[in-house]
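Chemist: Dumping the structure here so I can ask a few things about it.
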Amino acid sequence: MQPSHIAPVTELAVVVPARDEAALLPACLDALEVALGCLRHERPEVRATTTVVLDRCTDASARVVAERPWVDVVEIDAGCVGVARAVGISAATRLHEGHPPTDPRRVWVASTDADSVVPSHWLTRQLGFADEGVDAVVGTVDPDEHDLGTTLLSRWRSQHPAVEDHPHVHGANLGVRLSAYLAVGGFPPVRVHEDALLVDALRRAGHPTQATHHLPVRTSGRVHGRTPAGFAAYLRGLAADLSPGTPTAVPDA
């Protein structure tokens with residue numbers, strides 16, 4: 001049963017930053033389309049939109065998105081994932097503005113990445129937590145085995161067990177109530193750790209959060225990324241630990 005002080009979610013905005021992800025973006029959007037279908041079936045009262053932020057893209061990402069008329073597009077030239085996520089949320093929530101404006105307590109923002117694939121229950125499960133009074137859902141990710149191989153994937157899983165109240169934060173699997181997001185100033189304009197900084201701000205401000213493994217997202221396990229200290233660099237460090245002497249300062253692609 002929903003706590004009496006929590007307004008039920010009636011609007012949902014999915015936001016996906018992308019930077020030259022034409023190869024992986026189709027699978028991301030296909031999975032989101034399935035998740036949105038499940039949402040329409042289970043929560044028909046919730047109006048949902050999907051916004052992809054093309055940040056400094058030079059590949060065919062724009063063409064991929066153009067083939068999906070249900071996706072809204074924003075193009076920027078920031079080269080910064082913190083800016084991209086924030087711009088995406090601003091653009092997406094404007095699509096939900098009504099007369100009178102929608103109560104931000106009733107708007108839920110779901111964040112993932114263009115190189116990631118969400119499960120079919122990703123949105124409905126987040127809204128289930130929201131119904132219980134949670135202001136942010138912090139999910140887990142599982143790198144693609146085809147990218148990592150079984151040995152490195154096993155090492156990853158040993159350090160990231162699938163448990164409730166886990167300590168990890170991933171922008172590829174994150175949901176937040178818009179009122180809470182706005183109250184702490186949103187995503188900071190940084191190139192890395194914008195997700196962790198947002199969640200830390202929410203927790204310090206007393207907003208209830210739920211770290212859960214019940215809606216895992218499969219994400220790219222590449223070890224060459226676009227941010228020197230990002231997720232790919234972390235995976236590269238794990239690989240180096242398995243192979244002593246392997247340099248970790250590999251230039252990012």
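Each chain of the structure tokens is named A, B, ... in the order shown, its residues numbered from 1; ligands are numbered from 1 in display order.
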Can you pull out every residue within 8 Å of region 141-153 of chain A, counting only C-alpha atoms, but drop anything in the same chain fewer than 2 positions away, and send it as a VMD selection string?

Modeler: chain A and resid 139 155 to 157 170 172 to 173 216 to 222 238 to 239 242

Chemist: As an NGL selection string, list the residues of region 40-235 of chain A assigned to strand (DSSP E or B) by DSSP on the backbone atoms of this structure.

Modeler: :A and (47-55 or 71-76 or 107-111 or 116-117 or 136-138 or 141-143 or 174-177 or 209-211 or 217-219)

Chemist: Print the selection's residues with C-alpha atoms to a file, as a JSON list (two decimals), in the first residue's frame.

Modeler:
```json
[["chain", "number", "residue", "atom", "x", "y", "z"],
["A", 47, "ARG", "CA", 2.18, 8.61, -19.44],
["A", 48, "ALA", "CA", 5.74, 7.82, -20.55],
["A", 49, "THR", "CA", 8.26, 9.43, -22.88],
["A", 50, "THR", "CA", 11.78, 8.48, -23.97],
["A", 51, "THR", "CA", 14.45, 11.10, -24.68],
["A", 52, "VAL", "CA", 17.84, 10.32, -26.19],
["A", 53, "VAL", "CA", 20.52, 12.99, -25.81],
["A", 54, "LEU", "CA", 23.01, 12.83, -28.67],
["A", 55, "ASP", "CA", 26.12, 14.37, -27.18],
["A", 71, "VAL", "CA", 11.81, 8.60, -29.21],
["A", 72, "ASP", "CA", 12.41, 12.32, -28.64],
["A", 73, "VAL", "CA", 15.87, 13.63, -29.49],
["A", 74, "VAL", "CA", 18.07, 16.37, -28.10],
["A", 75, "GLU", "CA", 21.44, 17.16, -29.70],
["A", 76, "ILE", "CA", 24.18, 18.88, -27.69],
["A", 107, "VAL", "CA", 7.01, 12.44, -12.20],
["A", 108, "TRP", "CA", 9.56, 9.62, -12.22],
["A", 109, "VAL", "CA", 12.80, 9.79, -14.22],
["A", 110, "ALA", "CA", 14.48, 6.55, -15.32],
["A", 111, "SER", "CA", 18.11, 6.78, -16.44],
["A", 116, "SER", "CA", 22.90, -0.93, -22.04],
["A", 117, "VAL", "CA", 19.90, -3.27, -22.22],
["A", 136, "ALA", "CA", 15.40, 6.92, -5.86],
["A", 137, "VAL", "CA", 16.06, 3.39, -7.09],
["A", 138, "VAL", "CA", 19.71, 2.41, -7.48],
["A", 141, "VAL", "CA", 24.53, -3.71, -13.86],
["A", 142, "ASP", "CA", 26.05, -6.85, -15.31],
["A", 143, "PRO", "CA", 28.73, -6.40, -17.99],
["A", 174, "LEU", "CA", 18.96, 4.60, -11.89],
["A", 175, "GLY", "CA", 15.54, 6.07, -11.17],
["A", 176, "VAL", "CA", 14.58, 9.18, -9.24],
["A", 177, "ARG", "CA", 11.45, 11.13, -8.35],
["A", 209, "THR", "CA", 16.58, 5.40, -1.66],
["A", 210, "GLN", "CA", 16.50, 1.70, -2.49],
["A", 211, "ALA", "CA", 19.61, -0.08, -3.74],
["A", 217, "VAL", "CA", 20.70, -4.00, -16.56],
["A", 218, "ARG", "CA", 23.13, -5.61, -18.99],
["A", 219, "THR", "CA", 25.76, -3.12, -20.06]]
```

Chemist: Which one is closest to Arg43 (chain A): A:Pro8, A:Pro104, A:Pro167, A:Gly82? Count only C-alpha atoms.

Modeler: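 Ranking A:Pro8, A:Pro104, A:Pro167, A:Gly82 by distance to Arg43 (chain A), first place goes to A:Pro8.
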
Chemist: Find the residues near Gly186 (chain A): any atom within 7 Å, counting only C-alpha atoms, skip ones fewer than 2 places away on the same chain, and give them as a VMD selection string.

Modeler: chain A and resid 86 181 to 182 184 188 198

Chemist: Going by DSSP on the backbone, which residues of region 53-239 of chain A come out as alpha helix (DSSP H)? List them as a PyMOL selection string.

Modeler: chain A and resi 61-66+81-95+122-131+145-148+150-159+178-183+194-204+231-239

Chemist: Which value, in Å to one decimal, gives the distance between CA of Gly128 (chain A) and CA of Val9 (chain A)?

Modeler: 9.7 Å

Chemist: So, counting only C-alpha atoms, which residue among A:Arg106, A:Arg56, A:His207, A:His121 is closest to His41 (chain A)?

Modeler: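 Of all the options, A:His121 lies closest to His41 (chain A).
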
Chemist: What's around Leu39 (chain A) at 10 Å? Count only C-alpha atoms, leave out sequence neighbours fewer than 2 positions away in its own chain, and write the answer as a list in words.

Modeler: Leu12, Glu33, Val34, Ala35, Leu36, Gly37, His41, Glu42, Arg43, Pro44, Glu45, Val46, Arg47, Ala48, Ser120, His121, Trp122, Leu123, Thr124, Arg125 and Leu127 of chain A

Chemist: Contacts of Ala183 (chain A) at 10 Å or less, counting only C-alpha atoms, minus same-chain residues fewer than 6 places along, as a ChimeraX atom specification?

Modeler: /A:201-202,205,207

Chemist: Quick one: of A:Glu11, A:Phe129, A:Leu24, A:Leu197, who's nearest to Arg40 (chain A), counting only C-alpha atoms?

Modeler: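 Distance minimum relative to Arg40 (chain A) lands on A:Glu11.
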
Chemist: Given only C-alpha atoms as the basis, pick out the residue of A:Val199, A:Ala22, A:Leu215, A:Val192 nearest to Val169 (chain A).

Modeler: A:Val199

Chemist: At what distance in Å, to one decimal, does CA of Gln126 (chain A) lie from CA of Pro208 (chain A)?

Modeler: 13.4 Å

Chemist: Kindly indicate which residue among A:Asp115, A:Ala91, A:Gly79, A:Gly98 lies nearest to Pro26 (chain A), using only C-alpha atoms for the distances.

Modeler: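 Among A:Asp115, A:Ala91, A:Gly79, A:Gly98, it is A:Asp115 that comes nearest to Pro26 (chain A).
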
Chemist: For CA of Arg105 (chain A) and CA of Asp131 (chain A), quote the distance in Å rounded to one decimal.

Modeler: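 So the answer is 11.2 Å.
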
Chemist: Within 8 Å of region 59-63 of chain A, counting only C-alpha atoms, which residues qualify if same-chain residues fewer than 6 places away don't, as a ChimeraX atom specification?

Modeler: /A:18-22,25

Chemist: Atoms to include: all heavy atoms. Write the selected residues as a tab-separated table (two decimals), in the first residue's frame.

Modeler:
```
chain	number	residue	atom	x	y	z
A	18	ALA	N	23.81	9.52	-25.19
A	18	ALA	CA	24.53	8.70	-26.18
A	18	ALA	C	25.64	9.52	-26.81
A	18	ALA	O	25.44	10.69	-27.16
A	18	ALA	CB	23.57	8.20	-27.25
A	19	ARG	N	26.78	8.87	-26.97
A	19	ARG	CA	27.89	9.50	-27.68
A	19	ARG	C	28.52	8.46	-28.60
A	19	ARG	O	29.21	7.55	-28.14
A	19	ARG	CB	28.93	10.08	-26.71
A	19	ARG	CG	30.04	10.83	-27.44
A	19	ARG	CD	31.00	11.47	-26.47
A	19	ARG	NE	32.05	12.19	-27.16
A	19	ARG	CZ	33.11	12.72	-26.55
A	19	ARG	NH1	33.22	12.64	-25.23
A	19	ARG	NH2	34.03	13.34	-27.24
A	20	ASP	N	28.22	8.57	-29.87
A	20	ASP	CA	28.74	7.62	-30.87
A	20	ASP	C	28.45	6.18	-30.48
A	20	ASP	O	29.35	5.35	-30.36
A	20	ASP	CB	30.24	7.84	-31.07
A	20	ASP	CG	30.55	9.14	-31.80
A	20	ASP	OD1	29.64	9.71	-32.40
A	20	ASP	OD2	31.72	9.58	-31.75
A	21	GLU	N	27.17	5.88	-30.30
A	21	GLU	CA	26.76	4.53	-29.89
A	21	GLU	C	25.86	3.87	-30.94
A	21	GLU	O	24.98	3.08	-30.61
A	21	GLU	CB	26.02	4.59	-28.55
A	21	GLU	CG	26.87	4.99	-27.37
A	21	GLU	CD	27.86	3.91	-26.96
A	21	GLU	OE1	27.95	2.88	-27.66
A	21	GLU	OE2	28.54	4.11	-25.94
A	22	ALA	N	26.08	4.17	-32.22
A	22	ALA	CA	25.21	3.63	-33.26
A	22	ALA	C	25.18	2.10	-33.26
A	22	ALA	O	24.15	1.51	-33.61
A	22	ALA	CB	25.66	4.14	-34.63
A	25	LEU	N	23.16	1.25	-29.67
A	25	LEU	CA	21.90	1.96	-29.40
A	25	LEU	C	20.66	1.20	-29.85
A	25	LEU	O	19.63	1.24	-29.16
A	25	LEU	CB	21.97	3.35	-30.03
A	25	LEU	CG	20.83	4.32	-29.74
A	25	LEU	CD1	20.62	4.51	-28.24
A	25	LEU	CD2	21.11	5.68	-30.42
```
